[in-house]
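The structure file input-v5.txt is reproduced below (compact mmCIF, C-alpha atoms).
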```txt
# COMPACT_ATOMS: atom_id res chain seq x y z
CA MET F 1 -36.04 -9.09 -15.49
CA LEU F 2 -34.53 -5.73 -16.26
CA LYS F 3 -36.63 -4.09 -13.57
CA ASN F 4 -35.22 -6.56 -11.10
CA LEU F 5 -31.74 -5.26 -11.87
CA ARG F 6 -32.65 -2.13 -9.94
CA LEU F 7 -33.08 -4.34 -6.92
CA TRP F 8 -30.49 -7.07 -7.17
CA LEU F 9 -27.42 -5.04 -8.06
CA PRO F 10 -27.72 -2.78 -4.99
CA GLY F 11 -28.56 -5.94 -3.05
CA VAL F 12 -25.42 -7.69 -4.26
CA MET F 13 -23.37 -4.58 -3.46
CA LEU F 14 -24.84 -4.42 0.04
CA ALA F 15 -24.14 -8.12 0.59
CA GLY F 16 -20.61 -7.57 -0.66
CA LEU F 17 -20.10 -4.68 1.72
CA ILE F 18 -21.39 -6.68 4.65
CA SER F 19 -19.28 -9.72 3.83
CA ALA F 20 -16.32 -7.44 3.21
CA GLY F 21 -16.79 -5.76 6.56
CA CYS F 22 -14.17 -7.95 8.19
CA PHE F 23 -11.44 -6.46 6.06
CA LEU F 24 -12.91 -2.99 5.62
CA VAL F 25 -12.60 -2.17 9.32
CA SER F 26 -8.83 -2.18 9.29
CA GLY F 27 -5.82 0.07 8.97
CA GLN F 28 -2.04 0.28 8.76
CA PHE F 29 -0.22 1.64 11.79
CA ILE F 30 3.45 2.46 12.36
CA VAL F 31 5.02 0.83 15.43
CA THR F 32 8.37 2.36 16.39
CA PHE F 33 10.76 0.94 18.96
CA ASP F 34 13.50 3.55 19.15
CA PHE F 35 16.54 2.44 21.08
CA ALA F 36 17.15 5.84 22.70
CA SER F 37 13.81 5.77 24.51
CA HIS F 38 14.80 2.49 26.13
CA GLY F 39 18.34 3.42 27.17
CA PHE F 40 20.28 2.00 24.22
CA ASP F 41 21.72 5.08 22.56
CA PRO F 42 24.42 5.06 21.45
CA LEU F 43 24.84 1.32 21.09
CA ILE F 44 28.54 0.43 21.21
CA VAL F 45 29.52 -2.90 19.68
CA ALA F 46 33.16 -2.96 20.78
CA SER F 47 34.23 -6.43 19.58
CA PRO F 48 32.98 -9.93 18.70
CA THR F 49 33.14 -10.78 22.40
CA THR F 50 31.73 -7.50 23.72
CA LEU F 51 28.33 -7.22 22.08
CA ALA F 52 25.51 -4.99 23.18
CA GLY F 53 22.06 -6.42 22.53
CA VAL F 54 18.77 -4.56 22.53
CA PRO F 55 15.91 -6.28 24.35
CA VAL F 56 12.87 -5.34 22.27
CA ASP F 57 9.47 -5.46 23.90
CA LEU F 58 6.85 -4.09 21.52
CA ASN F 59 4.24 -4.41 24.24
CA LEU F 60 5.70 -1.18 25.62
CA ILE F 61 4.63 0.65 22.44
CA SER F 62 1.05 1.95 22.49
CA GLU F 63 0.39 1.49 18.74
CA TYR F 64 1.33 -2.18 19.09
CA LYS F 65 -0.47 -2.70 22.38
CA ASP F 66 -3.66 -1.10 21.02
CA HIS F 67 -3.79 -3.36 17.96
CA LYS F 68 -2.12 -6.55 19.12
CA GLY F 69 -5.46 -8.32 19.56
CA ASP F 70 -6.50 -7.70 15.95
CA LEU F 71 -3.08 -7.75 14.29
CA LYS F 72 -3.38 -9.41 10.87
CA ASP F 73 -0.01 -8.85 9.25
CA VAL F 74 3.26 -6.92 9.25
CA VAL F 75 3.44 -5.15 5.90
CA ASP F 76 6.68 -3.19 6.15
CA LEU F 77 9.85 -3.24 8.25
CA ALA F 78 12.87 -1.02 8.75
CA LEU F 79 15.93 -0.87 10.95
CA LEU F 80 17.06 2.76 11.06
CA GLY F 81 19.88 4.81 12.51
CA LYS F 82 23.45 5.82 11.86
CA MET F 83 26.31 3.31 12.03
CA THR F 84 29.88 4.46 12.49
CA ASN F 85 32.91 2.23 12.02
CA LEU F 86 35.44 2.92 14.77
CA THR F 87 38.25 0.97 13.12
CA GLY F 88 40.42 1.36 10.05
CA THR F 89 39.05 -1.85 8.53
CA ALA F 90 35.77 -2.15 6.66
CA THR F 91 33.20 -4.48 8.19
CA ASP F 92 29.89 -6.01 7.11
CA VAL F 93 27.20 -5.39 9.71
CA GLU F 94 24.29 -7.77 10.20
CA VAL F 95 21.41 -7.70 12.65
CA TRP F 96 20.45 -10.96 14.31
CA MET F 97 17.35 -11.78 16.32
CA VAL F 98 17.08 -14.09 19.30
CA ALA F 99 13.43 -15.03 19.50
CA ASN F 100 13.20 -16.45 23.00
CA PRO F 101 15.85 -14.61 24.99
CA SER F 102 16.94 -15.88 28.37
CA GLY F 103 19.47 -13.10 28.90
CA ILE F 104 21.66 -10.71 26.96
CA LEU F 105 24.38 -12.52 24.99
CA THR F 106 27.85 -11.01 24.74
CA THR F 107 29.58 -12.95 21.95
CA ASP F 108 28.68 -13.20 18.28
CA THR F 109 29.31 -16.96 18.44
CA ALA F 110 26.52 -17.26 21.00
CA VAL F 111 24.23 -14.99 18.97
CA ARG F 112 24.77 -17.00 15.78
CA ALA F 113 24.03 -20.20 17.70
CA ALA F 114 20.85 -18.92 19.34
CA GLY F 115 19.46 -16.57 16.76
CA VAL F 116 18.61 -15.92 13.14
CA ARG F 117 19.93 -13.25 10.82
CA VAL F 118 17.16 -10.79 9.97
CA TRP F 119 18.96 -7.90 8.26
CA GLY F 120 22.15 -7.14 6.39
CA PRO F 121 24.91 -7.26 5.50
CA LEU F 122 25.59 -3.54 5.26
CA THR F 123 29.19 -2.60 4.53
CA LEU F 124 30.66 0.03 6.83
CA PRO F 125 33.76 1.57 5.23
CA ALA F 126 36.95 1.98 7.27
CA ASN F 127 36.46 4.83 9.76
CA GLY F 128 33.28 5.68 7.88
CA ALA F 129 29.64 6.20 8.79
CA VAL F 130 26.43 5.18 7.06
CA SER F 131 23.01 6.68 7.75
CA ILE F 132 20.36 4.09 7.01
CA ASN F 133 17.19 5.45 5.47
CA TRP F 134 13.87 3.61 5.36
CA ASN F 135 13.99 2.70 1.67
CA LYS F 136 17.53 1.36 1.87
CA SER F 137 16.78 -0.56 5.04
CA ALA F 138 13.73 -2.24 3.50
CA THR F 139 15.94 -3.86 0.86
CA LEU F 140 18.33 -5.35 3.42
CA PHE F 141 15.98 -7.70 5.25
CA SER F 142 17.01 -11.31 4.89
CA GLY F 143 14.95 -12.82 7.69
CA ARG F 144 11.74 -10.90 7.22
CA LYS F 145 9.56 -13.95 7.86
CA ALA F 146 11.20 -14.74 11.21
CA LEU F 147 10.93 -11.16 12.44
CA ILE F 148 7.32 -10.86 11.30
CA GLY F 149 6.58 -14.10 13.14
CA GLU F 150 7.88 -12.62 16.38
CA ILE F 151 6.00 -9.36 15.91
CA LYS F 152 2.80 -11.31 15.27
CA GLY F 153 3.65 -13.47 18.27
CA ASP F 154 4.54 -12.15 21.70
CA GLY F 155 6.41 -9.07 20.46
CA ARG F 156 9.38 -9.84 22.70
CA PHE F 157 12.81 -10.59 21.24
CA ASP F 158 16.40 -9.39 21.34
CA LEU F 159 18.32 -7.74 18.50
CA TYR F 160 22.09 -7.80 18.06
CA ALA F 161 24.27 -5.96 15.56
CA ILE F 162 27.38 -7.92 14.69
CA GLY F 163 30.17 -7.33 12.19
CA SER F 164 32.63 -9.34 10.17
CA GLY F 165 36.28 -9.83 11.14
CA ALA F 166 37.55 -7.82 14.10
CA TYR F 167 35.08 -4.97 14.48
CA ASN F 168 34.22 -2.01 16.64
CA PHE F 169 31.31 0.18 15.63
CA ARG F 170 28.64 2.42 17.08
CA VAL F 171 24.92 2.70 16.34
CA ASP F 172 23.34 6.10 16.96
CA LYS F 173 19.60 6.71 17.21
CA GLY F 174 18.78 3.17 16.20
CA ALA F 175 15.16 2.14 15.75
CA LEU F 176 13.05 -0.78 14.65
CA VAL F 177 9.99 0.24 12.65
CA ALA F 178 7.15 -2.11 11.76
CA VAL F 179 4.02 -1.22 9.83
CA ILE F 180 1.24 -3.46 11.04
CA SER F 181 -2.12 -4.23 9.44
CA ALA F 182 -4.83 -4.55 12.03
CA GLY F 183 -8.51 -5.16 11.56
CA LYS F 184 -11.61 -6.41 13.30
CA MET W 1 -5.98 16.79 -16.43
CA LYS W 2 -4.28 18.41 -19.42
CA ARG W 3 -4.14 15.02 -21.14
CA LEU W 4 -7.82 14.49 -20.44
CA LEU W 5 -8.58 17.84 -22.03
CA ILE W 6 -6.55 16.93 -25.11
CA LEU W 7 -8.36 13.59 -25.30
CA ALA W 8 -11.73 15.30 -24.95
CA VAL W 9 -10.87 17.61 -27.86
CA ALA W 10 -9.69 14.63 -29.94
CA LEU W 11 -12.87 12.69 -29.20
CA LEU W 12 -14.94 15.73 -30.05
CA ALA W 13 -13.18 16.02 -33.41
CA LEU W 14 -13.73 12.32 -34.04
CA HIS W 15 -17.36 12.68 -33.15
CA LEU W 16 -17.92 15.61 -35.47
CA ALA W 17 -16.54 13.50 -38.30
CA SER W 18 -18.91 10.61 -37.64
CA PRO W 19 -22.64 10.14 -38.25
CA VAL W 20 -24.91 11.36 -35.51
CA SER W 21 -25.96 8.51 -33.24
CA VAL W 22 -29.19 7.84 -31.45
CA ALA W 23 -29.80 6.23 -28.08
CA ARG W 24 -29.58 2.43 -28.29
CA ALA W 25 -29.80 -0.52 -25.93
CA GLY W 26 -26.33 -1.98 -26.45
CA SER W 27 -23.12 -0.03 -26.79
CA VAL W 28 -19.37 -0.16 -26.32
CA GLY W 29 -17.33 2.85 -25.30
CA LEU W 30 -13.85 3.90 -24.42
CA GLY W 31 -13.04 6.19 -21.53
CA LEU W 32 -10.06 7.83 -19.93
CA TYR W 33 -10.03 9.28 -16.46
CA GLY W 34 -7.79 10.82 -13.87
CA GLY W 35 -8.02 12.03 -10.31
CA GLU W 36 -6.81 11.60 -6.79
CA SER W 37 -6.34 8.53 -4.63
CA ILE W 38 -6.49 9.13 -0.88
CA PRO W 39 -5.30 6.40 1.53
CA VAL W 40 -7.73 5.66 4.35
CA LEU W 41 -6.33 4.77 7.79
CA GLN W 42 -2.82 4.18 6.42
CA ASP W 43 0.02 5.76 8.40
CA ASP W 44 2.74 4.85 5.90
CA VAL W 45 1.60 6.36 2.61
CA ASP W 46 0.16 9.67 1.43
CA LYS W 47 -2.34 10.66 -1.22
CA GLY W 48 -1.40 10.66 -4.88
CA THR W 49 -2.60 10.91 -8.43
CA MET W 50 -4.27 8.25 -10.50
CA TYR W 51 -5.35 7.71 -14.10
CA GLY W 52 -6.75 4.88 -16.13
CA VAL W 53 -8.78 3.45 -18.98
CA ARG W 54 -12.30 2.04 -18.94
CA VAL W 55 -14.32 0.17 -21.55
CA PRO W 56 -18.03 0.48 -20.67
CA VAL W 57 -20.10 -2.25 -22.31
CA LYS W 58 -23.86 -1.92 -22.14
CA LEU W 59 -25.44 -5.25 -23.06
CA VAL W 60 -28.96 -4.52 -21.90
CA PRO W 61 -30.68 -1.35 -20.72
CA LEU W 62 -29.80 -0.34 -17.15
CA PHE W 63 -26.89 -2.73 -16.76
CA MET W 64 -23.29 -2.20 -17.78
CA LEU W 65 -20.05 -4.11 -17.42
CA GLU W 66 -16.83 -2.19 -17.44
CA PRO W 67 -13.33 -3.66 -17.69
CA PHE W 68 -10.85 -1.15 -16.33
CA TYR W 69 -7.18 -0.46 -15.86
CA ALA W 70 -5.88 2.01 -13.27
CA SER W 71 -2.51 3.31 -12.22
CA SER W 72 -1.75 5.37 -9.13
CA LYS W 73 1.36 7.08 -7.86
CA LEU W 74 0.85 7.37 -4.14
CA GLY W 75 2.77 9.93 -2.13
CA GLU W 76 5.74 9.32 0.14
CA LYS W 77 5.37 9.57 3.88
CA THR W 78 7.77 11.27 6.29
CA VAL W 79 7.82 10.38 9.97
CA ASP W 80 10.00 11.60 12.84
CA ILE W 81 11.79 8.85 14.75
CA ALA W 82 14.23 9.51 17.59
CA GLY W 83 14.59 13.12 16.49
CA LEU W 84 15.35 12.28 12.85
CA SER W 85 13.07 12.49 9.84
CA TYR W 86 12.67 9.39 7.69
CA THR W 87 10.86 9.26 4.37
CA ARG W 88 9.29 6.13 2.95
CA ASP W 89 8.42 5.84 -0.74
CA GLY W 90 4.77 5.80 -1.68
CA PHE W 91 3.37 2.92 -3.69
CA ASP W 92 3.22 2.57 -7.45
CA GLU W 93 -0.15 0.90 -7.79
CA THR W 94 -1.55 -0.80 -10.87
CA SER W 95 -4.98 -2.44 -11.05
CA TYR W 96 -7.16 -4.13 -13.57
CA GLY W 97 -10.57 -5.63 -13.14
CA LEU W 98 -14.25 -5.52 -13.93
CA ASN W 99 -17.02 -3.25 -12.66
CA ALA W 100 -20.73 -4.00 -12.77
CA MET W 101 -22.93 -0.97 -12.76
CA LEU W 102 -26.58 -0.05 -12.68
CA SER W 103 -27.17 2.88 -14.98
CA MET W 104 -30.20 5.07 -14.37
CA GLY W 105 -31.34 8.33 -15.90
CA GLY W 106 -31.30 10.05 -19.25
CA PRO W 107 -28.94 12.80 -20.32
CA VAL W 108 -27.67 12.80 -16.76
CA GLN W 109 -26.98 9.27 -15.53
CA PHE W 110 -26.54 8.03 -12.00
CA TYR W 111 -24.87 4.73 -11.48
CA PRO W 112 -23.87 2.81 -8.37
CA TYR W 113 -21.23 0.22 -9.14
CA ALA W 114 -19.12 -2.53 -7.64
CA GLY W 115 -16.11 -4.33 -8.98
CA ILE W 116 -13.38 -6.84 -8.42
CA GLY W 117 -9.82 -6.72 -9.63
CA SER W 118 -6.17 -7.49 -9.18
CA THR W 119 -3.94 -4.81 -7.68
CA LYS W 120 -0.16 -4.70 -7.54
CA LEU W 121 1.48 -2.52 -4.88
CA LYS W 122 5.14 -1.74 -5.41
CA ARG W 123 7.59 0.27 -3.35
CA THR W 124 11.29 -0.09 -2.60
CA GLY W 125 11.82 -3.56 -1.11
CA ILE W 126 8.18 -4.63 -1.51
CA GLU W 127 6.16 -5.86 -4.48
CA SER W 128 2.97 -7.87 -4.05
CA THR W 129 -0.27 -8.52 -5.88
CA PHE W 130 -3.64 -8.71 -4.13
CA THR W 131 -7.33 -9.10 -4.87
CA SER W 132 -9.14 -5.79 -4.65
CA TYR W 133 -12.74 -4.66 -4.48
CA ASP W 134 -14.28 -1.34 -5.26
CA PHE W 135 -17.65 0.20 -4.45
CA GLY W 136 -18.71 3.56 -5.74
CA PHE W 137 -21.14 5.98 -7.25
CA GLY W 138 -20.86 7.91 -10.49
CA VAL W 139 -22.63 10.63 -12.39
CA GLY W 140 -22.43 10.87 -16.18
CA PHE W 141 -23.32 13.86 -18.32
CA HIS W 142 -23.97 13.70 -22.06
CA VAL W 143 -21.98 16.68 -23.25
CA ILE W 144 -22.88 15.98 -26.84
CA PRO W 145 -24.02 12.74 -28.47
CA LYS W 146 -21.41 9.99 -28.11
CA ILE W 147 -19.38 11.87 -25.53
CA GLU W 148 -19.96 11.77 -21.80
CA LEU W 149 -18.23 13.30 -18.82
CA HIS W 150 -18.09 11.19 -15.66
CA ILE W 151 -17.53 12.12 -12.04
CA ARG W 152 -16.98 9.21 -9.67
CA GLY W 153 -16.26 8.57 -6.03
CA GLU W 154 -15.32 5.11 -4.84
CA LEU W 155 -13.83 3.14 -2.01
CA GLN W 156 -11.18 0.65 -3.09
CA ALA W 157 -10.11 -2.10 -0.72
CA VAL W 158 -6.92 -4.06 -1.42
CA VAL W 159 -7.24 -7.20 0.66
CA ASP W 160 -4.28 -8.77 2.42
CA ASN W 161 -4.47 -11.47 5.10
CA GLY W 162 -7.84 -10.50 6.52
CA ALA W 163 -7.09 -6.78 6.55
CA SER W 164 -7.00 -4.31 3.72
CA ARG W 165 -5.45 -1.14 2.43
CA LYS W 166 -8.26 1.21 1.55
CA PHE W 167 -8.29 4.16 -0.80
CA GLY W 168 -10.88 6.81 -1.49
CA ASN W 169 -10.69 7.58 -5.20
CA ALA W 170 -12.20 10.68 -6.78
CA THR W 171 -11.99 10.85 -10.58
CA LEU W 172 -13.10 12.91 -13.55
CA GLY W 173 -13.31 11.13 -16.88
CA VAL W 174 -14.52 11.33 -20.43
CA SER W 175 -15.88 8.49 -22.54
CA TYR W 176 -16.63 8.07 -26.21
CA SER W 177 -19.24 5.71 -27.62
CA LEU W 178 -17.37 3.58 -30.13
CA PHE W 179 -20.44 1.85 -31.47
CA SER W 180 -23.96 1.03 -30.45
CA MET W 181 -26.64 -1.42 -31.52
CA PRO W 182 -30.35 -0.87 -31.96
```
Output the structure of this file as structure tokens.
Amino acid sequence: MLKNLRLWLPGVMLAGLISAGCFLVSGQFIVTFDFASHGFDPLIVASPTTLAGVPVDLNLISEYKDHKGDLKDVVDLALLGKMTNLTGTATDVEVWMVANPSGILTTDTAVRAAGVRVWGPLTLPANGAVSINWNKSATLFSGRKALIGEIKGDGRFDLYAIGSGAYNFRVDKGALVAVISAGK
Amino acid sequence: MKRLLILAVALLALHLASPVSVARAGSVGLGLYGGESIPVLQDDVDKGTMYGVRVPVKLVPLFMLEPFYASSKLGEKTVDIAGLSYTRDGFDETSYGLNAMLSMGGPVQFYPYAGIGSTKLKRTGIESTFTSYDFGFGVGFHVIPKIELHIRGELQAVVDNGASRKFGNATLGVSYSLFSMP
């Protein structure tokens, strides 16, 4: 029996490797949709009735396009950039997603009716600016599941930044980052 | 590595104070190890250090089971986006599990092994636990009776939703034979 160990353990390992092949041929890739590259920099959100949405189409991003067919999961997300409050009143900024956009919306009432909150709130101090780093951003997702669903779906959705109260703020060098797991 | 050296000296002292052992079929040991963990095909994390504890249990000749615990501190990753640099934390990784190994050789042992375990990956905003598998090959050297040095290379796969995060782990360890049976 002991002699057989020489044979069956490598055999079991080989069988394990073969059966594990489906998850071994995989990797994690960073997909970045930066707003500047698509004509949305800076993004001025002048008031609750003068929004500026960002139509996101991840199919335009090669890392997403290359792995869309074997995309298994979205393992990390971030919304990055610098937000500047252009008023003397603090505001809480949220990012909302409209999953099946039929056109850019211009009021936060319409966005709240059609979409789902995916990120925030982030407090912008009066006349202040906040640079959002990756680690901070990762803690602010509130609708991770909905956003992941869209990324694993058609990759086409709109994002809106909206504030609280009467607001006017600017987003510079904004970007959506998703780390995708893809495998054969 | 410094801790490993201190442990090796401590084990050596312990060994010198104990009766000389002879080779036996069954044995239980205790080992410590450290090394490097290198992410494979992962854009969002960099290589880091790892260390851990193993308890090799030889029940019959040739075959060993080895419960293990491992901890890794993977490196942060910096990427440029829209002209700005952003840094993402690496993972704090902890694993425990069981390896099965086929031990061949005499004073110098060669052993392929495979194992299964539970691995927790934690970084800012994310904390999840997954099933993990490891496959590897090790070489053990009897430095003196009861004490062995081990060099291992392994592929660790942390499975998540049909894909996996993979790590190439290279470690150097030392083990001490706690007791053995004739």
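The closest residue to Val159 (chain W), picked from W:Gly26, W:Gly117, W:Gly173, W:Gly138 and counting all atoms listed in the file, is W:Gly117.
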TODO: Give me, as a PyMOL selection string, the contact residues of chain W against chain F at a cut-off of 9 Å, counting all atoms listed in the file.
DONE: chain W and resi 40-44+60-63+81-84+86-89+100-104+112-114+123-126+133+135+157+159-166
Open item on the list: Taking (-8.1, 13.9, 2.8) in the coordinates of the supplied file, I want to know which residues reach to within 9 Å of it, counting all atoms listed in the file; could you give the answer as a ChimeraX atom specification?
Closed with: /W:38-40,47,168
Task: Atom pair CA of Leu124 (chain F) / CA of Lys77 (chain W): separation (Å) - done: 27.2 Å
Draw an axis-aligned box over all listed atoms of region 51-70 of chain W, pad each side with 6 Å, and write its centre and edge lengths in Å, one decimal, as JSON.
```
{"center_x": -18.0, "center_y": 1.2, "center_z": -18.2, "size_x": 37.3, "size_y": 25.0, "size_z": 21.8}
```
Which residues, written as a PDB file with C-alpha atoms, keeping the file's coordinate frame, have at least one atom at most 8 Å from Leu98 (chain W), with all atoms listed in the file counted and residues fewer than 2 positions away on the same chain left out?
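Output file part.pdb follows:
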```pdb
ATOM      1  CA  LEU W  65     -20.050  -4.110 -17.420  1.00  0.00           C
ATOM      2  CA  GLU W  66     -16.830  -2.190 -17.440  1.00  0.00           C
ATOM      3  CA  PRO W  67     -13.330  -3.660 -17.690  1.00  0.00           C
ATOM      4  CA  PHE W  68     -10.850  -1.150 -16.330  1.00  0.00           C
ATOM      5  CA  TYR W  96      -7.160  -4.130 -13.570  1.00  0.00           C
ATOM      6  CA  ALA W 100     -20.730  -4.000 -12.770  1.00  0.00           C
ATOM      7  CA  GLY W 115     -16.110  -4.330  -8.980  1.00  0.00           C
ATOM      8  CA  ILE W 116     -13.380  -6.840  -8.420  1.00  0.00           C
ATOM      9  CA  GLY W 117      -9.820  -6.720  -9.630  1.00  0.00           C
TER      10      GLY W 117
END
```
- [ ] Using all atoms listed in the file, find the one residue out of F:Met83, F:Ile148, F:Ala52, F:Ile44 that sits nearest to Ala178 (chain F).
- [x] F:Ile148
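For the pair CA of Pro121 (chain F) and CA of Thr50 (chain F), the interatomic distance is 19.5 Å.
Each of F:Val45, F:Leu86, F:Leu159, F:Leu79 was compared to Ala114 (chain F) using only C-alpha atoms, and F:Leu159 turns out to be the nearest.
For Ser142 (chain F), the residues within 7 Å (counting only C-alpha atoms, excluding itself and residues fewer than 4 positions away along the chain) are F:Arg117, F:Val118, F:Trp119, F:Gly120.
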Open item on the list: I'd like the contact shell of Ser175 (chain W) - 9 Å cut-off, only C-alpha atoms, skipping same-chain residues fewer than 2 positions apart - returned as an NGL selection string.
Closed with: :W and (8 or 11 or 29-33 or 54-56 or 146-150 or 173 or 177)
Task: Interatomic distance (Å, one decimal) between CA of Leu60 (chain F) and CA of Val45 (chain W) - done: 24.6 Å
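Residue nearest Lys120 (chain W), chosen from W:Met64, W:Ile144, W:Val158, W:Val174 and counting all atoms listed in the file: W:Val158.
Minimum atom-to-atom distances from W:Leu121, W:Gly75, W:Asp80, W:Pro107 to Glu93 (chain W) were compared using all atoms listed in the file, and the lowest value belongs to W:Leu121.
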